[in-house]
file entry_12.pdb (PDB, C-alpha atoms)
ATOM      1  CA  MET A  19      66.048 204.009  39.475
ATOM      2  CA  PRO A  20      67.552 206.600  37.078
ATOM      3  CA  ALA A  21      66.148 206.391  33.557
ATOM      4  CA  VAL A  22      69.683 206.421  32.164
ATOM      5  CA  ASP A  23      70.381 203.128  33.967
ATOM      6  CA  LEU A  24      67.422 201.429  32.300
ATOM      7  CA  ARG A  25      68.390 202.779  28.893
ATOM      8  CA  ALA A  26      71.948 201.533  29.381
ATOM      9  CA  ALA A  27      70.710 198.140  30.600
ATOM     10  CA  ARG A  28      68.717 197.609  27.398
ATOM     11  CA  ALA A  29      71.722 198.524  25.284
ATOM     12  CA  ALA A  30      73.967 196.204  27.296
ATOM     13  CA  LEU A  31      71.641 193.236  26.842
ATOM     14  CA  ARG A  32      71.569 193.709  23.069
ATOM     15  CA  ALA A  33      75.322 194.225  22.852
ATOM     16  CA  ARG A  34      76.425 191.338  25.073
ATOM     17  CA  THR A  35      73.865 188.619  24.202
ATOM     18  CA  PRO A  36      74.307 186.793  27.529
ATOM     19  CA  LEU A  37      74.012 183.008  27.508
ATOM     20  CA  VAL A  38      71.435 181.992  30.120
ATOM     21  CA  HIS A  39      71.573 178.440  31.438
ATOM     22  CA  CYS A  40      67.965 177.544  32.260
ATOM     23  CA  LEU A  41      67.137 174.715  34.635
ATOM     24  CA  THR A  42      63.444 175.301  34.400
ATOM     25  CA  ASN A  43      60.168 173.476  34.386
ATOM     26  CA  THR A  44      58.981 171.439  31.441
ATOM     27  CA  VAL A  45      55.807 173.465  30.960
ATOM     28  CA  VAL A  46      57.616 176.702  30.104
ATOM     29  CA  GLN A  47      60.816 175.800  28.287
ATOM     30  CA  THR A  48      59.670 177.014  24.870
ATOM     31  CA  ILE A  49      58.301 180.390  25.941
ATOM     32  CA  THR A  50      61.345 180.934  28.170
ATOM     33  CA  ALA A  51      63.749 180.277  25.302
ATOM     34  CA  ASN A  52      61.724 182.445  22.930
ATOM     35  CA  ALA A  53      61.503 185.317  25.423
ATOM     36  CA  LEU A  54      65.273 185.300  25.876
ATOM     37  CA  LEU A  55      65.854 185.274  22.128
ATOM     38  CA  ALA A  56      63.325 188.055  21.559
ATOM     39  CA  ALA A  57      64.925 190.264  24.193
ATOM     40  CA  GLY A  58      68.427 189.738  22.819
ATOM     41  CA  ALA A  59      69.857 186.951  24.988
ATOM     42  CA  ALA A  60      70.724 183.325  24.220
ATOM     43  CA  PRO A  61      69.050 180.351  25.958
ATOM     44  CA  ALA A  62      70.381 176.923  26.873
ATOM     45  CA  MET A  63      68.332 174.173  28.527
ATOM     46  CA  VAL A  64      70.883 171.895  30.187
ATOM     47  CA  ASP A  65      69.342 170.010  33.111
ATOM     48  CA  ALA A  66      71.199 166.696  33.313
ATOM     49  CA  PRO A  67      73.201 166.328  36.543
ATOM     50  CA  GLU A  68      76.144 165.077  34.475
ATOM     51  CA  GLU A  69      76.345 168.421  32.643
ATOM     52  CA  ALA A  70      74.637 171.084  34.737
ATOM     53  CA  GLY A  71      77.582 171.983  36.938
ATOM     54  CA  ASP A  72      80.048 172.249  34.063
ATOM     55  CA  PHE A  73      77.690 174.356  31.972
ATOM     56  CA  ALA A  74      76.816 176.716  34.825
ATOM     57  CA  ALA A  75      80.493 177.597  35.163
ATOM     58  CA  VAL A  76      80.747 178.805  31.551
ATOM     59  CA  ALA A  77      77.301 180.391  31.083
ATOM     60  CA  SER A  78      76.732 184.122  31.523
ATOM     61  CA  ALA A  79      73.964 183.469  34.067
ATOM     62  CA  VAL A  80      71.884 180.625  35.463
ATOM     63  CA  LEU A  81      68.159 180.292  36.145
ATOM     64  CA  VAL A  82      66.948 177.690  38.654
ATOM     65  CA  ASN A  83      63.162 177.243  38.487
ATOM     66  CA  VAL A  84      61.634 174.481  40.638
ATOM     67  CA  GLY A  85      58.274 174.310  38.868
ATOM     68  CA  THR A  86      58.255 170.630  37.832
ATOM     69  CA  VAL A  87      61.148 169.378  39.908
ATOM     70  CA  HIS A  88      62.063 165.725  40.452
ATOM     71  CA  ALA A  89      65.069 163.933  41.928
ATOM     72  CA  ARG A  90      67.417 164.232  38.936
ATOM     73  CA  THR A  91      66.618 167.873  38.195
ATOM     74  CA  ALA A  92      66.920 168.724  41.893
ATOM     75  CA  GLU A  93      70.418 167.241  41.850
ATOM     76  CA  ALA A  94      71.246 169.216  38.717
ATOM     77  CA  MET A  95      69.954 172.418  40.314
ATOM     78  CA  ARG A  96      72.115 172.001  43.384
ATOM     79  CA  LEU A  97      75.168 171.264  41.231
ATOM     80  CA  ALA A  98      74.513 174.246  38.958
ATOM     81  CA  ALA A  99      73.969 176.625  41.884
ATOM     82  CA  ARG A 100      77.184 175.526  43.591
ATOM     83  CA  SER A 101      79.120 175.775  40.338
ATOM     84  CA  ALA A 102      77.725 179.222  39.563
ATOM     85  CA  GLY A 103      78.627 180.434  43.035
ATOM     86  CA  ALA A 104      82.177 179.126  42.736
ATOM     87  CA  ALA A 105      82.612 180.684  39.293
ATOM     88  CA  GLY A 106      81.117 184.041  40.252
ATOM     89  CA  THR A 107      78.272 183.514  37.772
ATOM     90  CA  PRO A 108      75.031 185.306  38.689
ATOM     91  CA  TRP A 109      72.105 182.972  39.257
ATOM     92  CA  VAL A 110      68.399 183.415  39.833
ATOM     93  CA  LEU A 111      66.131 181.252  41.974
ATOM     94  CA  ASP A 112      62.443 181.056  41.040
ATOM     95  CA  PRO A 113      60.746 179.190  43.939
ATOM     96  CA  VAL A 114      57.604 178.156  42.077
ATOM     97  CA  ALA A 115      54.766 176.988  44.354
ATOM     98  CA  VAL A 116      56.912 176.626  47.476
ATOM     99  CA  GLY A 117      55.213 176.527  50.847
ATOM    100  CA  ALA A 118      52.485 173.937  50.535
ATOM    101  CA  LEU A 119      54.635 171.210  48.954
ATOM    102  CA  VAL A 120      57.334 169.838  51.234
ATOM    103  CA  TYR A 121      59.788 168.452  48.661
ATOM    104  CA  ARG A 122      60.191 171.619  46.610
ATOM    105  CA  THR A 123      60.134 173.792  49.711
ATOM    106  CA  GLU A 124      63.055 171.871  51.204
ATOM    107  CA  LEU A 125      64.910 172.125  47.883
ATOM    108  CA  ALA A 126      64.271 175.863  47.622
ATOM    109  CA  THR A 127      65.442 176.344  51.206
ATOM    110  CA  ASP A 128      68.673 174.498  50.391
ATOM    111  CA  LEU A 129      69.145 176.675  47.313
ATOM    112  CA  VAL A 130      68.600 179.863  49.317
ATOM    113  CA  GLY A 131      71.482 178.699  51.493
ATOM    114  CA  LEU A 132      73.674 178.740  48.373
ATOM    115  CA  ARG A 133      73.042 182.511  48.137
ATOM    116  CA  PRO A 134      71.327 183.202  44.821
ATOM    117  CA  THR A 135      72.071 186.538  43.209
ATOM    118  CA  VAL A 136      68.333 187.122  42.810
ATOM    119  CA  VAL A 137      65.238 185.405  44.169
ATOM    120  CA  ARG A 138      62.208 186.110  41.985
ATOM    121  CA  GLY A 139      58.751 184.919  42.951
ATOM    122  CA  ASN A 140      55.254 185.966  43.826
ATOM    123  CA  ALA A 141      54.368 187.305  47.264
ATOM    124  CA  SER A 142      53.225 183.981  48.730
ATOM    125  CA  GLU A 143      56.360 182.190  47.528
ATOM    126  CA  VAL A 144      58.706 184.807  48.969
ATOM    127  CA  MET A 145      56.872 184.815  52.290
ATOM    128  CA  ALA A 146      57.004 181.007  52.464
ATOM    129  CA  LEU A 147      60.775 181.049  52.002
ATOM    130  CA  VAL A 148      61.224 182.989  55.238
ATOM    131  CA  GLY A 149      58.549 181.066  57.139
ATOM    132  CA  ALA A 150      56.039 183.903  57.032
ATOM    133  CA  GLY A 151      53.336 181.979  55.205
ATOM    134  CA  GLY A 152      52.290 178.612  53.866
ATOM    135  CA  GLY A 153      52.484 179.438  50.168
ATOM    136  CA  GLY A 154      49.781 180.338  47.699
ATOM    137  CA  ARG A 155      47.331 178.380  45.598
ATOM    138  CA  GLY A 156      49.670 176.380  43.376
ATOM    139  CA  VAL A 157      51.566 178.910  41.258
ATOM    140  CA  ASP A 158      49.129 181.711  42.168
ATOM    141  CA  SER A 159      49.786 184.125  45.011
ATOM    142  CA  THR A 160      47.226 184.714  47.719
ATOM    143  CA  ASP A 161      49.183 187.654  49.157
ATOM    144  CA  SER A 162      50.011 191.140  47.908
ATOM    145  CA  THR A 163      53.449 192.526  47.161
ATOM    146  CA  ASP A 164      53.103 195.007  50.020
ATOM    147  CA  ALA A 165      52.346 192.129  52.403
ATOM    148  CA  ALA A 166      55.598 190.488  51.277
ATOM    149  CA  ALA A 167      57.788 193.610  51.602
ATOM    150  CA  LYS A 168      59.167 192.689  55.032
ATOM    151  CA  ALA A 169      59.813 189.092  54.010
ATOM    152  CA  ALA A 170      61.548 190.252  50.826
ATOM    153  CA  ALA A 171      63.902 192.525  52.788
ATOM    154  CA  GLU A 172      64.633 189.712  55.262
ATOM    155  CA  LEU A 173      65.367 187.273  52.439
ATOM    156  CA  ALA A 174      67.638 189.792  50.697
ATOM    157  CA  ALA A 175      69.606 190.232  53.923
ATOM    158  CA  ARG A 176      69.893 186.450  54.244
ATOM    159  CA  THR A 177      71.208 185.899  50.702
ATOM    160  CA  GLY A 178      73.136 189.139  50.292
ATOM    161  CA  GLY A 179      71.357 189.557  46.962
ATOM    162  CA  VAL A 180      68.185 190.973  45.474
ATOM    163  CA  VAL A 181      64.605 189.787  45.936
ATOM    164  CA  ALA A 182      61.867 190.550  43.409
ATOM    165  CA  VAL A 183      58.183 190.101  44.197
ATOM    166  CA  SER A 184      55.793 190.018  41.255
ATOM    167  CA  GLY A 185      52.242 191.338  41.475
ATOM    168  CA  GLU A 186      50.038 194.150  40.227
ATOM    169  CA  VAL A 187      52.958 196.393  41.192
ATOM    170  CA  ASP A 188      56.277 194.544  41.326
ATOM    171  CA  LEU A 189      58.635 195.135  44.243
ATOM    172  CA  VAL A 190      62.420 194.782  43.938
ATOM    173  CA  THR A 191      64.714 195.175  46.945
ATOM    174  CA  ASP A 192      68.273 194.520  48.031
ATOM    175  CA  GLY A 193      67.287 194.996  51.676
ATOM    176  CA  ARG A 194      68.334 198.648  51.670
ATOM    177  CA  ARG A 195      66.865 200.086  48.470
ATOM    178  CA  THR A 196      63.377 199.261  47.219
ATOM    179  CA  VAL A 197      62.046 199.924  43.724
ATOM    180  CA  ARG A 198      58.478 199.408  42.522
ATOM    181  CA  VAL A 199      57.536 198.723  38.914
ATOM    182  CA  GLY A 200      54.001 199.371  37.711
ATOM    183  CA  GLY A 201      52.287 198.685  34.428
ATOM    184  CA  GLY A 202      51.967 195.363  32.672
ATOM    185  CA  SER A 203      48.728 193.590  31.746
ATOM    186  CA  PRO A 204      46.413 191.043  33.408
ATOM    187  CA  LEU A 205      46.952 188.903  30.307
ATOM    188  CA  LEU A 206      50.407 188.042  31.632
ATOM    189  CA  THR A 207      48.700 185.964  34.333
ATOM    190  CA  ARG A 208      46.710 184.107  31.652
ATOM    191  CA  THR A 209      49.787 183.194  29.589
ATOM    192  CA  THR A 210      51.567 179.998  30.590
ATOM    193  CA  GLY A 211      55.170 180.681  31.498
ATOM    194  CA  ALA A 212      55.269 184.478  31.420
ATOM    195  CA  GLY A 213      56.435 184.678  35.032
ATOM    196  CA  CYS A 214      58.972 181.912  34.527
ATOM    197  CA  ALA A 215      60.292 183.678  31.433
ATOM    198  CA  LEU A 216      60.664 186.803  33.572
ATOM    199  CA  GLY A 217      63.062 184.883  35.816
ATOM    200  CA  ALA A 218      65.202 184.045  32.799
ATOM    201  CA  LEU A 219      65.161 187.673  31.665
ATOM    202  CA  VAL A 220      66.269 188.750  35.137
ATOM    203  CA  ALA A 221      69.247 186.416  34.785
ATOM    204  CA  ALA A 222      70.039 187.846  31.346
ATOM    205  CA  TYR A 223      69.854 191.461  32.485
ATOM    206  CA  VAL A 224      71.919 190.869  35.614
ATOM    207  CA  ALA A 225      74.609 189.236  33.487
ATOM    208  CA  ALA A 226      74.527 192.062  30.943
ATOM    209  CA  THR A 227      74.645 194.915  33.469
ATOM    210  CA  GLY A 228      76.788 193.382  36.197
ATOM    211  CA  ASP A 229      74.392 194.921  38.721
ATOM    212  CA  ALA A 230      71.758 192.775  40.418
ATOM    213  CA  LEU A 231      69.351 195.559  41.387
ATOM    214  CA  THR A 232      69.501 197.449  38.090
ATOM    215  CA  GLY A 233      69.301 194.260  36.051
ATOM    216  CA  THR A 234      66.334 192.923  38.001
ATOM    217  CA  VAL A 235      64.413 196.187  37.700
ATOM    218  CA  ALA A 236      65.205 196.408  33.975
ATOM    219  CA  ALA A 237      63.853 192.906  33.367
ATOM    220  CA  HIS A 238      60.611 193.658  35.216
ATOM    221  CA  VAL A 239      60.181 196.922  33.322
ATOM    222  CA  HIS A 240      60.878 195.211  30.001
ATOM    223  CA  VAL A 241      58.257 192.540  30.650
ATOM    224  CA  ALA A 242      55.690 195.103  31.829
ATOM    225  CA  VAL A 243      55.994 197.542  28.944
ATOM    226  CA  ALA A 244      56.057 194.710  26.399
ATOM    227  CA  ALA A 245      52.849 193.360  27.955
ATOM    228  CA  GLU A 246      51.174 196.750  27.666
ATOM    229  CA  ARG A 247      52.136 196.957  24.006
ATOM    230  CA  ALA A 248      50.959 193.409  23.306
ATOM    231  CA  ALA A 249      47.649 193.882  25.122
ATOM    232  CA  ARG A 250      46.758 196.782  22.819
ATOM    233  CA  VAL A 251      46.714 194.481  19.777
ATOM    234  CA  ALA A 252      45.691 191.143  21.319
ATOM    235  CA  HIS A 253      42.168 189.728  21.242
ATOM    236  CA  GLY A 254      42.771 187.490  24.253
ATOM    237  CA  PRO A 255      45.438 185.240  25.765
ATOM    238  CA  GLY A 256      45.885 183.223  22.569
ATOM    239  CA  THR A 257      46.942 186.233  20.526
ATOM    240  CA  PHE A 258      48.640 187.947  23.453
ATOM    241  CA  ALA A 259      51.480 185.429  23.778
ATOM    242  CA  PRO A 260      52.987 185.898  20.286
ATOM    243  CA  ALA A 261      52.332 189.643  20.438
ATOM    244  CA  TRP A 262      54.239 189.762  23.734
ATOM    245  CA  LEU A 263      57.233 188.027  22.168
ATOM    246  CA  ASP A 264      57.154 190.541  19.311
ATOM    247  CA  ALA A 265      56.991 193.374  21.825
ATOM    248  CA  LEU A 266      59.919 191.983  23.834
ATOM    249  CA  ASP A 267      61.950 192.274  20.653
ATOM    250  CA  ALA A 268      60.688 195.766  19.774
ATOM    251  CA  VAL A 269      61.008 197.502  23.163
ATOM    252  CA  ASP A 270      63.977 199.861  23.226
ATOM    253  CA  GLY A 271      65.899 201.735  25.891
ATOM    254  CA  ALA A 272      63.814 204.881  25.559
ATOM    255  CA  THR A 273      60.664 202.908  26.277
ATOM    256  CA  LEU A 274      62.219 201.368  29.383
ATOM    257  CA  ALA A 275      63.389 204.788  30.542
ATOM    258  CA  ALA A 276      59.822 206.174  30.318
ATOM    259  CA  ALA A 277      58.198 203.298  32.262
ATOM    260  CA  ASP A 278      56.387 203.414  35.603
ATOM    261  CA  VAL A 279      59.297 202.985  38.024
ATOM    262  CA  ARG A 280      59.016 204.399  41.564
TER
END
call {"tool": "encode", "arguments": {"input": "entry_12.pdb", "output": "structure tokens"}}
result
Amino acid sequence: MPAVDLRAARAALRARTPLVHCLTNTVVQTITANALLAAGAAPAMVDAPEEAGDFAAVASAVLVNVGTVHARTAEAMRLAARSAGAAGTPWVLDPVAVGALVYRTELATDLVGLRPTVVRGNASEVMALVGAGGGGRGVDSTDSTDAAAKAAAELAARTGGVVAVSGEVDLVTDGRRTVRVGGGSPLLTRTTGAGCALGALVAAYVAATGDALTGTVAAHVHVAVAAERAARVAHGPGTFAPAWLDALDAVDGATLAAADVR
């Protein structure tokens, strides 16, 4: 991934302030909204079935996160995904904890059939979506990103989009090109909602850049380098979370361009 692309992606996000429609889980709504604002995007949390389809058609991008799904939000997610697809709006699927739980796995499978622009999950979630595993331990992966590489490429071919697998080294692929993003901090895994906020930032960057692969890589790099900066001043997970939000705001294009991208 050329450094100039990452620098330009950061500038585009700041300049365009994309409006991200987040149908996300109740545990992470605040940190997701704050992460988007800190990075330079605008959040909206519209999850009623009566409104979700209409709003998805006018938003810059849509995030569908199945973390605390129930019947009404599942309906809203399907409506928003269909509306986004019809409007040409990029949308991101975050298949939280799929595999072991039948209801959300069936929902996520239906949503994959609606061809998300990006699927972003951990290795166990991505593998479960293609039938290559039974999921992880709740929201935690029990597989490595390398173990999920084949499944990620298969899923990208199925959707015609990009698949991102989070781990110690993140993997992003469109089925033909694969990019790995290093860095970050273990404190991200001890902060509620950091991964879910990443999904929203992917949506924002894809909307800002108009390129699914570049936008997805830029979001992962942004989260990783902000985490490194926050970890240097944090005393633990309690002080890491606000420091990470501050760092999301402070990270510039030059910092993204110098990150560990392979």
call {"tool": "residues_near_point", "arguments": {"input": "entry_12.pdb", "point": "(47.5, 194.1, 27.1)", "cutoff": "8 Å", "atoms": "all atoms listed in the file", "output": "list in words"}}
result
Gly202, Ser203, Pro204, Leu205, Ala245, Glu246, Arg247, Ala248, Ala249, Arg250, Val251, Ala252 and Phe258 of chain A
call {"tool": "atom_distance", "arguments": {"input": "entry_12.pdb", "atom1": "CA of Asn140 in chain A", "atom2": "CA of His253 in chain A"}}
result
26.4 Å
call {"tool": "resolve_selection", "arguments": {"input": "entry_12.pdb", "expression": "the PyMOL selection byres ((chain A and resi 81) around 10)", "output": "mmCIF file with C-alpha atoms, in the frame of the given file"}}
result
data_model
loop_
_atom_site.group_PDB
_atom_site.id
_atom_site.type_symbol
_atom_site.label_atom_id
_atom_site.label_comp_id
_atom_site.auth_asym_id
_atom_site.auth_seq_id
_atom_site.Cartn_x
_atom_site.Cartn_y
_atom_site.Cartn_z
ATOM 1 C CA VAL A 38 71.435 181.992 30.120
ATOM 2 C CA HIS A 39 71.573 178.440 31.438
ATOM 3 C CA CYS A 40 67.965 177.544 32.260
ATOM 4 C CA LEU A 41 67.137 174.715 34.635
ATOM 5 C CA THR A 42 63.444 175.301 34.400
ATOM 6 C CA MET A 63 68.332 174.173 28.527
ATOM 7 C CA ALA A 74 76.816 176.716 34.825
ATOM 8 C CA ALA A 79 73.964 183.469 34.067
ATOM 9 C CA VAL A 80 71.884 180.625 35.463
ATOM 10 C CA VAL A 82 66.948 177.690 38.654
ATOM 11 C CA ASN A 83 63.162 177.243 38.487
ATOM 12 C CA VAL A 84 61.634 174.481 40.638
ATOM 13 C CA MET A 95 69.954 172.418 40.314
ATOM 14 C CA ALA A 98 74.513 174.246 38.958
ATOM 15 C CA ALA A 99 73.969 176.625 41.884
ATOM 16 C CA PRO A 108 75.031 185.306 38.689
ATOM 17 C CA TRP A 109 72.105 182.972 39.257
ATOM 18 C CA VAL A 110 68.399 183.415 39.833
ATOM 19 C CA LEU A 111 66.131 181.252 41.974
ATOM 20 C CA ASP A 112 62.443 181.056 41.040
ATOM 21 C CA PRO A 134 71.327 183.202 44.821
ATOM 22 C CA VAL A 136 68.333 187.122 42.810
ATOM 23 C CA VAL A 137 65.238 185.405 44.169
ATOM 24 C CA CYS A 214 58.972 181.912 34.527
ATOM 25 C CA ALA A 215 60.292 183.678 31.433
ATOM 26 C CA GLY A 217 63.062 184.883 35.816
ATOM 27 C CA ALA A 218 65.202 184.045 32.799
ATOM 28 C CA LEU A 219 65.161 187.673 31.665
ATOM 29 C CA VAL A 220 66.269 188.750 35.137
ATOM 30 C CA ALA A 221 69.247 186.416 34.785
ATOM 31 C CA ALA A 222 70.039 187.846 31.346
#
call {"tool": "resolve_selection", "arguments": {"input": "entry_12.pdb", "expression": "the PyMOL selection byres ((chain A and resi 263) around 10)", "output": "ChimeraX atom specification"}}
result
/A:49,52-57,241,244-245,248,258-262,264-268
call {"tool": "atom_distance", "arguments": {"input": "entry_12.pdb", "atom1": "CA of Ala272 in chain A", "atom2": "CA of Arg25 in chain A"}}
result
6.0 Å
call {"tool": "atom_distance", "arguments": {"input": "entry_12.pdb", "atom1": "CA of Asp65 in chain A", "atom2": "CA of Leu206 in chain A"}}
result
26.2 Å
call {"tool": "residues_around", "arguments": {"input": "entry_12.pdb", "residues": "Val180 in chain A", "least_positions_apart": "2", "cutoff": "7 Å", "atoms": "only C-alpha atoms", "output": "VMD selection string"}}
result
chain A and resid 135 to 137 174 182 191 to 192 230 to 231
call {"tool": "residues_around", "arguments": {"input": "entry_12.pdb", "residues": "Gly149 in chain A", "least_positions_apart": "3", "cutoff": "12 Å", "atoms": "only C-alpha atoms", "output": "PDB file with C-alpha atoms, in the coordinates of the input"}}
result
ATOM      1  CA  VAL A 116      56.912 176.626  47.476  1.00  0.00           C
ATOM      2  CA  GLY A 117      55.213 176.527  50.847  1.00  0.00           C
ATOM      3  CA  ALA A 118      52.485 173.937  50.535  1.00  0.00           C
ATOM      4  CA  THR A 123      60.134 173.792  49.711  1.00  0.00           C
ATOM      5  CA  GLU A 124      63.055 171.871  51.204  1.00  0.00           C
ATOM      6  CA  THR A 127      65.442 176.344  51.206  1.00  0.00           C
ATOM      7  CA  SER A 142      53.225 183.981  48.730  1.00  0.00           C
ATOM      8  CA  GLU A 143      56.360 182.190  47.528  1.00  0.00           C
ATOM      9  CA  VAL A 144      58.706 184.807  48.969  1.00  0.00           C
ATOM     10  CA  MET A 145      56.872 184.815  52.290  1.00  0.00           C
ATOM     11  CA  ALA A 146      57.004 181.007  52.464  1.00  0.00           C
ATOM     12  CA  GLY A 152      52.290 178.612  53.866  1.00  0.00           C
ATOM     13  CA  GLY A 153      52.484 179.438  50.168  1.00  0.00           C
ATOM     14  CA  ALA A 166      55.598 190.488  51.277  1.00  0.00           C
ATOM     15  CA  LYS A 168      59.167 192.689  55.032  1.00  0.00           C
ATOM     16  CA  ALA A 169      59.813 189.092  54.010  1.00  0.00           C
ATOM     17  CA  ALA A 170      61.548 190.252  50.826  1.00  0.00           C
ATOM     18  CA  GLU A 172      64.633 189.712  55.262  1.00  0.00           C
ATOM     19  CA  LEU A 173      65.367 187.273  52.439  1.00  0.00           C
TER      20      LEU A 173
END
call {"tool": "closest_residue", "arguments": {"input": "entry_12.pdb", "among": "A:Ala236, A:Pro255, A:Leu119, A:Arg34", "to": "Ala275 in chain A", "atoms": "only C-alpha atoms"}}
result
A:Ala236
call {"tool": "resolve_selection", "arguments": {"input": "entry_12.pdb", "expression": "the PyMOL selection byres ((chain A and resi 67) around 10)", "output": "PyMOL selection string"}}
result
chain A and resi 64-66+68-72+90-98
call {"tool": "closest_residue", "arguments": {"input": "entry_12.pdb", "among": "A:Ala26, A:Val87, A:Ala51, A:Val279", "to": "Leu216 in chain A", "atoms": "all atoms listed in the file"}}
result
A:Ala51
call {"tool": "residues_around", "arguments": {"input": "entry_12.pdb", "residues": "Leu24 in chain A", "least_positions_apart": "4", "cutoff": "12 Å", "atoms": "all atoms listed in the file", "output": "ChimeraX atom specification"}}
result
/A:19-20,28-31,223-224,226-227,229,231-240,269-279
call {"tool": "write_last_selection", "arguments": {"input": "entry_12.pdb", "atoms": "C-alpha atoms", "output": "tab-separated table (two decimals), keeping the file's coordinate frame"}}
result
chain	number	residue	atom	x	y	z
A	19	MET	CA	66.05	204.01	39.48
A	20	PRO	CA	67.55	206.60	37.08
A	28	ARG	CA	68.72	197.61	27.40
A	29	ALA	CA	71.72	198.52	25.28
A	30	ALA	CA	73.97	196.20	27.30
A	31	LEU	CA	71.64	193.24	26.84
A	223	TYR	CA	69.85	191.46	32.48
A	224	VAL	CA	71.92	190.87	35.61
A	226	ALA	CA	74.53	192.06	30.94
A	227	THR	CA	74.64	194.92	33.47
A	229	ASP	CA	74.39	194.92	38.72
A	231	LEU	CA	69.35	195.56	41.39
A	232	THR	CA	69.50	197.45	38.09
A	233	GLY	CA	69.30	194.26	36.05
A	234	THR	CA	66.33	192.92	38.00
A	235	VAL	CA	64.41	196.19	37.70
A	236	ALA	CA	65.20	196.41	33.98
A	237	ALA	CA	63.85	192.91	33.37
A	238	HIS	CA	60.61	193.66	35.22
A	239	VAL	CA	60.18	196.92	33.32
A	240	HIS	CA	60.88	195.21	30.00
A	269	VAL	CA	61.01	197.50	23.16
A	270	ASP	CA	63.98	199.86	23.23
A	271	GLY	CA	65.90	201.74	25.89
A	272	ALA	CA	63.81	204.88	25.56
A	273	THR	CA	60.66	202.91	26.28
A	274	LEU	CA	62.22	201.37	29.38
A	275	ALA	CA	63.39	204.79	30.54
A	276	ALA	CA	59.82	206.17	30.32
A	277	ALA	CA	58.20	203.30	32.26
A	278	ASP	CA	56.39	203.41	35.60
A	279	VAL	CA	59.30	202.98	38.02
call {"tool": "build_atoms", "arguments": {"input": "entry_12.pdb", "residues": "range 166-170 of chain A", "atoms": "all heavy atoms", "output": "compact mmCIF listing (two decimals), keeping the file's coordinate frame"}}
result
# COMPACT_ATOMS: atom_id res chain seq x y z
N ALA A 166 54.34 191.23 51.33
CA ALA A 166 55.60 190.49 51.28
C ALA A 166 56.83 191.38 51.42
O ALA A 166 57.95 190.87 51.38
CB ALA A 166 55.69 189.72 49.97
N ALA A 167 56.65 192.69 51.59
CA ALA A 167 57.79 193.61 51.60
C ALA A 167 58.78 193.27 52.71
O ALA A 167 60.00 193.25 52.50
CB ALA A 167 57.30 195.05 51.73
N LYS A 168 58.28 193.00 53.91
CA LYS A 168 59.17 192.69 55.03
C LYS A 168 59.90 191.38 54.79
O LYS A 168 61.11 191.27 55.03
CB LYS A 168 58.37 192.62 56.33
CG LYS A 168 59.22 192.33 57.56
CD LYS A 168 58.37 192.30 58.82
CE LYS A 168 59.20 191.97 60.06
NZ LYS A 168 58.37 191.91 61.29
N ALA A 169 59.19 190.38 54.30
CA ALA A 169 59.81 189.09 54.01
C ALA A 169 60.87 189.23 52.92
O ALA A 169 61.93 188.60 52.98
CB ALA A 169 58.75 188.09 53.59
N ALA A 170 60.59 190.05 51.91
CA ALA A 170 61.55 190.25 50.83
C ALA A 170 62.84 190.88 51.35
O ALA A 170 63.95 190.46 50.97
CB ALA A 170 60.93 191.12 49.74
